[in-house]
$ cat input_17.cif   # mmCIF, C-alpha atoms
data_coords
#
loop_
_atom_site.label_atom_id
_atom_site.label_comp_id
_atom_site.auth_asym_id
_atom_site.auth_seq_id
_atom_site.Cartn_x
_atom_site.Cartn_y
_atom_site.Cartn_z
CA MET K 1 293.56 109.80 164.41
CA TYR K 2 298.10 99.41 163.30
CA LYS K 3 301.05 97.41 162.51
CA LYS K 4 303.47 97.70 159.60
CA LEU K 5 300.97 98.45 156.85
CA ALA K 6 298.98 100.80 159.03
CA VAL K 7 302.18 102.72 159.66
CA VAL K 8 302.69 103.05 155.90
CA ILE K 9 299.11 104.20 155.41
CA LEU K 10 299.20 106.79 158.18
CA MET K 11 302.68 108.07 157.35
CA LEU K 12 301.64 108.92 153.79
CA THR K 13 298.31 110.63 154.30
CA GLY K 14 299.41 114.17 153.35
CA CYS K 15 299.60 113.74 149.59
CA SER K 16 297.86 116.73 148.02
CA SER K 17 299.82 119.54 146.42
CA THR K 18 297.18 122.18 147.15
CA ALA K 19 295.72 123.44 150.39
CA GLN K 20 292.06 122.73 151.06
CA GLN K 21 289.95 124.52 153.67
CA TYR K 22 286.70 123.42 155.26
CA PRO K 23 285.41 121.47 152.22
CA PRO K 24 282.57 119.54 153.89
CA PHE K 25 280.88 122.52 155.46
CA GLN K 26 280.75 125.13 152.73
CA LYS K 27 277.54 124.00 151.07
CA SER K 28 276.22 125.56 147.93
CA ALA K 29 272.76 127.09 147.97
CA ASP K 30 271.15 123.99 146.50
CA GLN K 31 272.93 121.68 148.96
CA ALA K 32 271.85 123.82 151.89
CA SER K 33 268.22 123.13 151.06
CA ASP K 34 268.63 119.37 150.55
CA PRO K 35 265.94 117.60 152.57
CA VAL K 36 266.62 114.84 155.03
CA VAL K 37 265.68 111.61 153.29
CA ALA K 38 262.91 109.87 155.18
CA ASN K 39 263.27 106.25 156.24
CA PRO K 40 259.89 104.65 156.86
CA ILE K 41 261.44 101.48 158.27
CA ALA K 42 263.86 102.63 160.96
CA LYS K 43 262.41 103.71 164.27
CA PRO K 44 265.57 105.28 165.79
CA LEU K 45 266.39 108.90 165.17
CA GLN K 46 267.46 109.13 161.57
CA PRO K 47 270.87 110.57 160.72
CA LYS K 48 271.01 113.60 158.46
CA GLN K 49 271.44 112.37 154.92
CA ILE K 50 272.69 115.27 152.80
CA GLY K 51 272.98 115.20 149.02
CA PRO K 52 270.86 114.30 145.99
CA TYR K 53 271.35 110.52 146.21
CA LEU K 54 268.37 108.29 145.49
CA ALA K 55 268.51 105.04 143.53
CA ALA K 56 266.68 101.72 143.56
CA SER K 57 269.99 99.83 143.32
CA VAL K 58 273.73 100.45 143.20
CA SER K 59 275.19 101.20 139.78
CA GLY K 60 278.61 102.34 138.63
CA ASP K 61 281.94 100.90 139.85
CA TYR K 62 280.33 99.07 142.77
CA ALA K 63 277.33 97.51 141.05
CA GLY K 64 277.09 93.82 141.89
CA TYR K 65 279.23 93.91 145.03
CA SER K 66 277.49 91.55 147.46
CA ASP K 67 279.63 92.78 150.37
CA LEU K 68 278.40 96.31 149.71
CA TRP K 69 274.80 95.12 149.64
CA ARG K 70 275.30 93.55 153.08
CA PHE K 71 276.97 96.73 154.31
CA ILE K 72 273.98 98.80 153.16
CA ASP K 73 271.63 96.36 154.90
CA GLU K 74 273.57 96.87 158.14
CA MET K 75 273.52 100.66 157.83
CA VAL K 76 269.74 100.59 157.31
CA LEU K 77 269.01 98.24 160.21
CA LYS K 78 271.66 99.44 162.64
CA HIS K 79 271.64 103.20 162.09
CA GLY K 80 268.37 104.01 160.31
CA PHE K 81 269.82 105.11 156.95
CA ASN K 82 267.55 105.18 153.93
CA ARG K 83 268.43 102.34 151.54
CA ASP K 84 267.77 104.34 148.36
CA TYR K 85 269.95 107.15 149.67
CA LEU K 86 272.90 104.77 150.21
CA ASN K 87 272.27 103.10 146.82
CA GLY K 88 272.53 106.50 145.20
CA LEU K 89 275.58 107.55 147.21
CA PHE K 90 277.57 104.41 146.41
CA SER K 91 276.51 104.56 142.75
CA GLN K 92 278.80 107.54 142.32
CA ALA K 93 281.73 106.12 144.38
CA LYS K 94 284.87 105.47 142.30
CA ARG K 95 287.18 102.49 142.61
CA LYS K 96 290.75 103.72 143.19
CA GLN K 97 292.99 101.25 141.40
CA TRP K 98 296.07 103.38 142.15
CA THR K 99 295.48 102.88 145.87
CA LEU K 100 295.18 99.12 145.52
CA ASP K 101 298.34 98.90 143.40
CA TYR K 102 300.26 101.05 145.88
CA LEU K 103 299.18 99.01 148.89
CA HIS K 104 300.05 95.77 147.11
CA LYS K 105 303.60 97.05 146.64
CA SER K 106 303.72 98.21 150.26
CA ASP K 107 302.57 94.80 151.48
CA GLN K 108 305.34 93.09 149.50
CA ALA K 109 307.96 95.54 150.79
CA SER K 110 306.82 95.06 154.40
CA LYS K 111 307.25 91.29 154.13
CA SER K 112 310.84 91.63 152.94
CA ARG K 113 311.89 94.30 155.51
CA ALA K 114 312.59 92.61 158.84
CA GLU K 115 314.87 95.29 160.35
CA PRO K 116 315.12 99.09 159.93
CA ALA K 117 317.33 99.88 156.94
CA PRO K 118 320.69 101.62 157.53
CA GLY K 119 320.26 105.35 157.03
CA GLY K 120 316.49 105.10 157.31
CA TRP K 121 316.25 107.65 160.11
CA THR K 122 318.44 110.16 158.30
CA ARG K 123 316.26 109.99 155.20
CA TYR K 124 312.99 110.07 157.13
CA ARG K 125 314.01 112.99 159.34
CA ALA K 126 315.06 115.08 156.36
CA LYS K 127 311.49 115.05 155.04
CA PHE K 128 310.25 117.10 158.00
CA LEU K 129 313.20 118.87 159.62
CA ASP K 130 313.68 121.54 156.97
CA GLU K 131 313.26 125.29 156.81
CA ARG K 132 309.81 125.08 155.22
CA HIS K 133 308.34 122.95 158.00
CA ILE K 134 310.02 124.93 160.78
CA ASN K 135 309.18 128.39 159.43
CA SER K 136 305.62 127.37 158.59
CA GLY K 137 305.23 126.02 162.10
CA VAL K 138 306.37 129.31 163.59
CA SER K 139 303.98 131.25 161.33
CA PHE K 140 301.11 128.95 162.32
CA TRP K 141 301.97 129.45 166.00
CA MET K 142 301.98 133.23 165.62
CA LYS K 143 298.63 133.15 163.80
CA HIS K 144 296.89 130.68 166.11
CA GLY K 145 298.71 131.37 169.38
CA GLU K 146 295.56 131.96 171.40
CA SER K 147 294.06 128.60 170.40
CA LEU K 148 297.35 126.83 171.11
CA ARG K 149 297.49 128.44 174.56
CA ARG K 150 293.92 127.38 175.32
CA ALA K 151 294.69 123.83 174.23
CA GLU K 152 297.77 123.67 176.43
CA ASP K 153 295.83 125.03 179.41
CA LYS K 154 292.93 122.62 178.92
CA TYR K 155 294.73 119.43 177.88
CA GLY K 156 298.28 119.91 179.18
CA VAL K 157 299.85 119.36 175.75
CA PRO K 158 302.52 121.93 174.79
CA ALA K 159 301.91 123.97 171.65
CA GLU K 160 305.06 122.71 169.97
CA TYR K 161 303.89 119.08 170.05
CA ILE K 162 300.53 119.96 168.55
CA LEU K 163 302.46 121.78 165.83
CA GLY K 164 304.78 118.80 165.43
CA ILE K 165 301.80 116.59 164.59
CA LEU K 166 300.22 119.13 162.22
CA GLY K 167 303.55 119.71 160.52
CA VAL K 168 304.39 116.06 159.94
CA GLU K 169 300.83 115.13 158.96
CA THR K 170 299.88 117.92 156.54
CA SER K 171 302.40 120.75 156.76
CA TYR K 172 299.82 122.73 158.77
CA GLY K 173 297.05 122.16 156.24
CA GLY K 174 299.10 122.65 153.09
CA TYR K 175 298.90 118.99 152.07
CA ILE K 176 295.69 117.37 153.28
CA GLY K 177 295.22 115.01 150.33
CA ASN K 178 293.12 115.14 147.19
CA HIS K 179 291.25 111.83 147.36
CA ARG K 180 287.52 111.87 148.01
CA ILE K 181 286.99 110.12 151.33
CA ILE K 182 283.99 108.19 150.00
CA ASP K 183 286.12 106.79 147.15
CA ALA K 184 289.09 105.97 149.39
CA LEU K 185 287.09 104.15 152.06
CA THR K 186 284.78 102.34 149.64
CA THR K 187 287.78 101.05 147.69
CA LEU K 188 289.58 99.84 150.79
CA ALA K 189 286.44 98.44 152.40
CA PHE K 190 285.44 96.23 149.47
CA ASP K 191 288.55 95.70 147.33
CA TYR K 192 291.40 95.50 149.84
CA LYS K 193 290.81 92.08 151.33
CA ARG K 194 293.69 92.10 153.82
CA ARG K 195 292.15 94.89 155.92
CA GLY K 196 288.64 95.08 154.57
CA ASP K 197 287.02 94.65 157.97
CA TYR K 198 288.90 97.61 159.39
CA PHE K 199 288.03 99.91 156.50
CA ARG K 200 284.37 98.85 156.50
CA GLY K 201 284.30 100.03 160.09
CA GLU K 202 285.85 103.33 159.05
CA LEU K 203 283.34 103.69 156.22
CA GLU K 204 280.49 103.05 158.66
CA ASN K 205 281.81 105.70 161.01
CA PHE K 206 282.40 108.15 158.16
CA LEU K 207 278.72 107.97 157.22
CA ILE K 208 277.74 108.38 160.88
CA MET K 209 280.09 111.35 161.09
CA ALA K 210 278.58 112.95 157.98
CA GLY K 211 275.12 112.52 159.48
CA LYS K 212 276.09 114.02 162.84
CA GLU K 213 277.96 116.98 161.35
CA GLY K 214 275.44 117.52 158.53
CA PHE K 215 277.58 117.45 155.37
CA ASP K 216 277.42 115.72 152.01
CA PRO K 217 279.62 112.59 152.33
CA SER K 218 280.80 112.89 148.73
CA LYS K 219 282.48 116.26 149.36
CA PRO K 220 285.37 115.84 151.85
CA VAL K 221 288.82 115.02 150.46
CA GLY K 222 291.82 113.64 152.30
CA SER K 223 294.42 110.90 152.14
CA PHE K 224 294.21 107.78 150.00
CA ALA K 225 293.45 105.87 153.22
CA GLY K 226 290.55 108.12 154.26
CA ALA K 227 292.32 110.36 156.80
CA MET K 228 290.93 113.89 157.07
CA GLY K 229 291.78 117.46 157.91
CA LEU K 230 294.89 119.16 159.29
CA GLY K 231 295.44 116.35 161.77
CA GLN K 232 294.51 113.49 159.40
CA PHE K 233 291.98 111.81 161.68
CA MET K 234 290.33 108.62 160.51
CA PRO K 235 286.53 108.62 161.02
CA THR K 236 286.66 106.42 164.13
CA SER K 237 289.19 108.77 165.70
CA PHE K 238 287.00 111.71 164.74
CA LEU K 239 283.99 110.25 166.54
CA LYS K 240 286.04 109.45 169.66
CA TRP K 241 288.38 112.41 170.00
CA ALA K 242 287.52 115.34 167.71
CA VAL K 243 286.30 118.46 169.54
CA ASP K 244 284.52 121.68 168.65
CA PHE K 245 287.31 123.91 169.91
CA ASN K 246 286.09 127.17 168.34
CA GLY K 247 282.57 126.75 169.77
CA ASN K 248 280.66 127.15 166.51
CA GLY K 249 278.53 124.05 167.06
CA ARG K 250 280.32 121.53 164.85
CA LYS K 251 283.57 119.59 164.75
CA ASP K 252 285.53 120.59 161.67
CA LEU K 253 289.03 119.15 161.30
CA TRP K 254 289.68 121.46 158.35
CA SER K 255 289.40 124.34 160.82
CA PRO K 256 292.77 125.15 162.45
CA GLU K 257 291.14 125.76 165.84
CA ASP K 258 289.24 122.48 165.88
CA ALA K 259 292.31 120.63 164.61
CA ILE K 260 294.44 122.12 167.42
CA GLY K 261 291.93 121.14 170.10
CA SER K 262 291.35 117.70 168.63
CA VAL K 263 295.05 116.78 168.48
CA ALA K 264 295.53 117.98 172.07
CA ASN K 265 292.47 116.01 173.21
CA TYR K 266 293.75 112.91 171.40
CA PHE K 267 297.03 113.09 173.30
CA ALA K 268 295.32 113.80 176.62
CA GLN K 269 292.91 110.88 176.22
CA HIS K 270 295.84 108.57 175.44
CA GLY K 271 297.65 109.46 178.65
CA TRP K 272 299.84 112.49 177.95
CA GLN K 273 301.62 113.55 181.14
CA SER K 274 302.01 117.31 181.39
CA GLY K 275 305.54 118.46 182.15
CA GLN K 276 307.05 114.99 181.73
CA PRO K 277 309.87 114.07 179.31
CA ILE K 278 309.53 112.56 175.86
CA VAL K 279 312.95 111.02 175.18
CA THR K 280 316.38 110.84 176.80
CA PRO K 281 319.59 110.02 174.88
CA ALA K 282 321.15 106.70 175.85
CA LYS K 283 324.53 104.99 175.72
CA LEU K 284 324.84 101.24 175.24
CA ASN K 285 327.70 99.55 177.10
CA GLY K 286 328.40 95.91 176.36
CA ALA K 287 327.00 93.24 174.10
CA GLN K 288 323.96 92.53 176.26
CA ALA K 289 322.56 96.03 175.66
CA HIS K 290 322.44 95.37 171.92
CA THR K 291 320.30 92.26 172.44
CA LEU K 292 317.39 94.23 173.91
CA GLU K 293 314.30 94.58 171.73
CA THR K 294 313.73 98.10 170.43
CA GLY K 295 310.46 99.96 169.79
CA VAL K 296 307.40 100.84 171.83
CA ASN K 297 306.04 97.30 171.85
CA HIS K 298 308.75 96.39 174.39
CA GLN K 299 308.87 97.86 177.90
CA TYR K 300 311.66 98.03 180.46
CA THR K 301 312.38 99.61 183.82
CA LEU K 302 315.43 101.74 184.53
CA PRO K 303 317.04 98.98 186.67
CA GLN K 304 316.55 96.54 183.77
CA PHE K 305 318.19 99.00 181.41
CA LYS K 306 321.15 99.57 183.70
CA GLN K 307 321.63 95.87 184.29
CA ALA K 308 321.74 95.32 180.52
CA GLY K 309 324.11 98.24 179.95
CA VAL K 310 321.67 100.88 178.70
CA ILE K 311 322.68 104.10 180.47
CA PRO K 312 320.88 107.46 180.26
CA ALA K 313 323.30 110.01 178.77
CA ARG K 314 321.90 112.76 181.01
CA TYR K 315 319.67 113.11 184.04
CA CYS K 316 316.60 111.00 183.48
CA GLN K 317 313.12 111.16 185.00
CA CYS K 318 312.84 107.47 184.30
CA ASP K 319 309.82 106.43 186.32
CA GLY K 320 307.35 104.06 184.74
CA PRO K 321 307.65 101.89 181.62
CA LEU K 322 310.51 102.80 179.25
CA HIS K 323 311.28 101.89 175.66
CA LEU K 324 314.55 101.53 173.76
CA VAL K 325 314.41 103.57 170.55
CA LEU K 326 316.80 102.80 167.69
CA LEU K 327 317.44 105.45 165.03
CA ARG K 328 319.49 104.18 162.11
CA LYS K 329 321.52 107.03 160.64
CA SER K 330 323.62 107.17 157.49
CA ILE K 331 326.70 106.86 159.68
CA GLY K 332 326.15 104.93 162.89
CA ASP K 333 323.05 104.48 165.02
CA ASP K 334 321.52 106.52 167.82
CA TYR K 335 319.75 105.07 170.84
CA TRP K 336 317.21 106.89 172.97
CA ILE K 337 315.07 106.05 175.96
CA GLY K 338 311.41 106.64 175.16
CA HIS K 339 309.17 107.78 178.02
CA ARG K 340 305.40 107.64 178.48
CA ASN K 341 304.82 110.73 176.33
CA PHE K 342 306.87 109.22 173.49
CA TYR K 343 304.56 106.21 173.65
CA VAL K 344 301.54 108.55 173.51
CA ILE K 345 302.86 110.10 170.27
CA THR K 346 303.07 106.60 168.79
CA ARG K 347 299.34 106.15 169.44
CA TYR K 348 298.96 108.58 166.54
CA ASN K 349 301.31 106.48 164.42
CA GLN K 350 303.14 103.41 165.70
CA SER K 351 306.44 104.22 164.01
CA SER K 352 309.27 105.28 166.34
CA TYR K 353 310.66 107.32 163.44
CA TYR K 354 307.36 109.17 163.22
CA ALA K 355 307.28 109.97 166.93
CA MET K 356 310.91 111.11 166.92
CA ALA K 357 310.29 113.33 163.89
CA VAL K 358 307.35 114.94 165.71
CA HIS K 359 309.60 115.51 168.72
CA ASP K 360 312.50 116.96 166.73
CA LEU K 361 310.22 119.21 164.69
CA ALA K 362 308.49 120.38 167.89
CA MET K 363 311.85 121.30 169.43
CA ALA K 364 312.99 123.12 166.28
CA ILE K 365 309.76 125.13 166.04
CA LYS K 366 309.89 126.05 169.73
CA SER K 367 313.48 127.27 169.43
CA ARG K 368 312.76 129.31 166.28
CA TYR K 369 309.56 130.75 167.79
CA ARG K 370 311.36 131.90 170.92
CA LYS K 371 314.05 133.60 168.86
CA THR K 372 311.38 135.32 166.78
CA GLN K 373 309.64 136.56 169.93
CA MET K 374 312.90 137.91 171.35
CA VAL K 375 313.68 139.79 168.13
CA SER K 376 310.18 141.29 167.97
CA ARG K 377 310.63 142.72 171.48
#
$ encode --input "input_17.cif" --output "structure tokens"
Amino acid sequence: MYKKLAVVILMLTGCSSTAQQYPPFQKSADQASDPVVANPIAKPLQPKQIGPYLAASVSGDYAGYSDLWRFIDEMVLKHGFNRDYLNGLFSQAKRKQWTLDYLHKSDQASKSRAEPAPGGWTRYRAKFLDERHINSGVSFWMKHGESLRRAEDKYGVPAEYILGILGVETSYGGYIGNHRIIDALTTLAFDYKRRGDYFRGELENFLIMAGKEGFDPSKPVGSFAGAMGLGQFMPTSFLKWAVDFNGNGRKDLWSPEDAIGSVANYFAQHGWQSGQPIVTPAKLNGAQAHTLETGVNHQYTLPQFKQAGVIPARYCQCDGPLHLVLLRKSIGDDYWIGHRNFYVITRYNQSSYYAMAVHDLAMAIKSRYRKTQMVSR
């Protein structure tokens, strides 16, 4: 698969209105025969460099960008890429002004929003807890049940939470984004100064990823921030946590099976505890309870909670670090105790609203799936 802006970027990655399947790996006949471009300078093993990109210098939208020249130098020296290949590739990259304008507005809004807005949780939850997301999740479960069972057995992550992520991120592959990854990452790497270093790292890893998996880097599409596939992994997350779950020899996040395994592996590697709780409802008694900091950046123990007046509303397996989660509804606020697994969900996206939406959607899908299974019997 960040602070305030990163949350905005990752929460809005599913922005395409049409489903896309396996775009990087379905090469045309002419692409399949593209040779690996030789690099006479680099001694390390050369990455696969797919696509008809050869140029003596960079032209197009990114001609004259000195930061890009330095980036190409690094890719040649560090990873053995062919300079003319990268010149040709970046010559056809497009600058996405819409993305820059959008992020500028998001930056300004983040500066002026110190506290969660009243009703924010109600509005956010409604985006994902609807019949379309729930029914589509059940259908996906019925279609890919065997892969979900294997993932749960191997990684200890229940099927419903894998589906919660895929539902919130892309509606199970229905909305993966329509921005070319090469355009998105090049724009953010060299024109978005506030986080340029981060996105240059993602661009570097995207090119490494394309070389390892053997696809043309101009072909994949995803979010405006460069997130990819059903699970919307960024390239760095792909290299660290994506898995070949269907055993066909490559990691393909546009494949439902690989996406299922990769999301489960991501959770497992971030400390998911099988069979442990996610959240517990809480009651706040007294003024001191309302002074506690909320969110996953603040940790408490159960004795600290009780001393402050934060009381679990039901039996609580409250071992280990705990978090106070505030959900601002249209009428009133809800408080929850977040456990270790809630924290793990926020490693995918640091927003407490995001993690709670994944949890609620997971519970709704599980309930509907069980009812469907009972009726079918």
$ residues_around --input "input_17.cif" --residues "Ile337 in chain K" --least-positions-apart "3" --cutoff "7 Å" --atoms "all atoms listed in the file" --output "mmCIF file with C-alpha atoms, keeping the file's coordinate frame"
data_model
loop_
_atom_site.group_PDB
_atom_site.id
_atom_site.type_symbol
_atom_site.label_atom_id
_atom_site.label_comp_id
_atom_site.auth_asym_id
_atom_site.auth_seq_id
_atom_site.Cartn_x
_atom_site.Cartn_y
_atom_site.Cartn_z
ATOM 1 C CA VAL K 279 312.950 111.020 175.180
ATOM 2 C CA THR K 280 316.380 110.840 176.800
ATOM 3 C CA PRO K 281 319.590 110.020 174.880
ATOM 4 C CA ALA K 282 321.150 106.700 175.850
ATOM 5 C CA LEU K 322 310.510 102.800 179.250
ATOM 6 C CA HIS K 323 311.280 101.890 175.660
ATOM 7 C CA LEU K 324 314.550 101.530 173.760
ATOM 8 C CA VAL K 325 314.410 103.570 170.550
#
$ closest_residue --input "input_17.cif" --among "K:Asn205, K:Gln273, K:Gln46, K:Ser255" --to "Phe238 in chain K" --atoms "only C-alpha atoms"
K:Asn205
$ resolve_selection --input "input_17.cif" --expression "the PyMOL selection byres ((chain K and resi 55-70) around 9)" --output "list of chain:residue names"
K:Tyr53, K:Leu54, K:Phe71, K:Ile72, K:Asp73, K:Glu74, K:Met75, K:Arg83, K:Asp84, K:Tyr85, K:Leu86, K:Asn87, K:Gly88, K:Leu89, K:Phe90, K:Ser91, K:Gln92, K:Ala93, K:Lys94, K:Arg95, K:Thr186, K:Ala189, K:Phe190
$ closest_residue --input "input_17.cif" --among "K:Asp101, K:Arg123, K:Gly145, K:Gly271" --to "Thr187 in chain K" --atoms "all atoms listed in the file"
K:Asp101
$ resolve_selection --input "input_17.cif" --expression "the PyMOL selection byres ((chain K and resi 192) around 12)" --output "ChimeraX atom specification"
/K:95-104,107,184-191,193-200,225
$ residues_around --input "input_17.cif" --residues "range 163-171 of chain K" --least-positions-apart "3" --cutoff "9 Å" --atoms "only C-alpha atoms" --output "number ranges by chain"
K: 10-16, 127-128, 132-134, 136-138, 140-141, 148, 158-160, 174-177, 229-232, 259-260, 263, 345, 348, 354-355, 357-363, 365
$ write_last_selection --input "input_17.cif" --atoms "C-alpha atoms" --output "mmCIF file, in the coordinates of the input"
data_model
loop_
_atom_site.group_PDB
_atom_site.id
_atom_site.type_symbol
_atom_site.label_atom_id
_atom_site.label_comp_id
_atom_site.auth_asym_id
_atom_site.auth_seq_id
_atom_site.Cartn_x
_atom_site.Cartn_y
_atom_site.Cartn_z
ATOM 1 C CA LEU K 10 299.200 106.790 158.180
ATOM 2 C CA MET K 11 302.680 108.070 157.350
ATOM 3 C CA LEU K 12 301.640 108.920 153.790
ATOM 4 C CA THR K 13 298.310 110.630 154.300
ATOM 5 C CA GLY K 14 299.410 114.170 153.350
ATOM 6 C CA CYS K 15 299.600 113.740 149.590
ATOM 7 C CA SER K 16 297.860 116.730 148.020
ATOM 8 C CA LYS K 127 311.490 115.050 155.040
ATOM 9 C CA PHE K 128 310.250 117.100 158.000
ATOM 10 C CA ARG K 132 309.810 125.080 155.220
ATOM 11 C CA HIS K 133 308.340 122.950 158.000
ATOM 12 C CA ILE K 134 310.020 124.930 160.780
ATOM 13 C CA SER K 136 305.620 127.370 158.590
ATOM 14 C CA GLY K 137 305.230 126.020 162.100
ATOM 15 C CA VAL K 138 306.370 129.310 163.590
ATOM 16 C CA PHE K 140 301.110 128.950 162.320
ATOM 17 C CA TRP K 141 301.970 129.450 166.000
ATOM 18 C CA LEU K 148 297.350 126.830 171.110
ATOM 19 C CA PRO K 158 302.520 121.930 174.790
ATOM 20 C CA ALA K 159 301.910 123.970 171.650
ATOM 21 C CA GLU K 160 305.060 122.710 169.970
ATOM 22 C CA GLY K 174 299.100 122.650 153.090
ATOM 23 C CA TYR K 175 298.900 118.990 152.070
ATOM 24 C CA ILE K 176 295.690 117.370 153.280
ATOM 25 C CA GLY K 177 295.220 115.010 150.330
ATOM 26 C CA GLY K 229 291.780 117.460 157.910
ATOM 27 C CA LEU K 230 294.890 119.160 159.290
ATOM 28 C CA GLY K 231 295.440 116.350 161.770
ATOM 29 C CA GLN K 232 294.510 113.490 159.400
ATOM 30 C CA ALA K 259 292.310 120.630 164.610
ATOM 31 C CA ILE K 260 294.440 122.120 167.420
ATOM 32 C CA VAL K 263 295.050 116.780 168.480
ATOM 33 C CA ILE K 345 302.860 110.100 170.270
ATOM 34 C CA TYR K 348 298.960 108.580 166.540
ATOM 35 C CA TYR K 354 307.360 109.170 163.220
ATOM 36 C CA ALA K 355 307.280 109.970 166.930
ATOM 37 C CA ALA K 357 310.290 113.330 163.890
ATOM 38 C CA VAL K 358 307.350 114.940 165.710
ATOM 39 C CA HIS K 359 309.600 115.510 168.720
ATOM 40 C CA ASP K 360 312.500 116.960 166.730
ATOM 41 C CA LEU K 361 310.220 119.210 164.690
ATOM 42 C CA ALA K 362 308.490 120.380 167.890
ATOM 43 C CA MET K 363 311.850 121.300 169.430
ATOM 44 C CA ILE K 365 309.760 125.130 166.040
#
$ residues_near_point --input "input_17.cif" --point "(284.0, 122.2, 167.6)" --cutoff "10 Å" --atoms "all atoms listed in the file" --output "list of chain:residue names"
K:Ala242, K:Val243, K:Asp244, K:Phe245, K:Asn246, K:Gly247, K:Asn248, K:Gly249, K:Arg250, K:Lys251, K:Asp252, K:Leu253, K:Ser255, K:Glu257, K:Asp258, K:Ala259, K:Gly261, K:Ser262
$ closest_residue --input "input_17.cif" --among "K:Ala268, K:Met228, K:Ala364, K:Met142" --to "Gly173 in chain K" --atoms "only C-alpha atoms"
K:Met228
$ atom_distance --input "input_17.cif" --atom1 "CA of Lys48 in chain K" --atom2 "CA of Ala210 in chain K"
7.6 Å
$ atom_distance --input "input_17.cif" --atom1 "CA of Arg149 in chain K" --atom2 "CA of Ile162 in chain K"
10.8 Å
$ atom_distance --input "input_17.cif" --atom1 "CA of Arg150 in chain K" --atom2 "CA of Gln317 in chain K"
26.9 Å
$ closest_residue --input "input_17.cif" --among "K:Asp334, K:Ala264, K:Leu129, K:Gly320" --to "His290 in chain K" --atoms "all atoms listed in the file"
K:Asp334
$ residues_around --input "input_17.cif" --residues "Val344 in chain K" --least-positions-apart "2" --cutoff "10 Å" --atoms "all atoms listed in the file" --output "MDAnalysis selection string"
chainID K and resid 266:273 278 296 339:342 346:350 355
$ residues_around --input "input_17.cif" --residues "Leu326 in chain K" --least-positions-apart "3" --cutoff "12 Å" --atoms "only C-alpha atoms" --output "ChimeraX atom specification"
/K:115-121,279,281-284,289-290,292-296,323,329,332-338,351-353,355-356
$ residues_near_point --input "input_17.cif" --point "(310.7, 137.7, 160.2)" --cutoff "10 Å" --atoms "only C-alpha atoms" --output "list of chain:residue names"
K:Asn135, K:Ser139, K:Thr372, K:Gln373, K:Val375, K:Ser376
$ residues_around --input "input_17.cif" --residues "Ile208 in chain K" --least-positions-apart "4" --cutoff "9 Å" --atoms "only C-alpha atoms" --output "list of chain:residue names"
K:Pro47, K:Lys48, K:His79, K:Leu203, K:Glu204, K:Lys212, K:Glu213, K:Pro235, K:Leu239
$ closest_residue --input "input_17.cif" --among "K:Ala308, K:Ile181, K:Ile331, K:Leu207" --to "Ala227 in chain K" --atoms "only C-alpha atoms"
K:Ile181
$ closest_residue --input "input_17.cif" --among "K:Pro303, K:Pro256, K:Gly214, K:Gly309" --to "Asn285 in chain K" --atoms "all atoms listed in the file"
K:Gly309
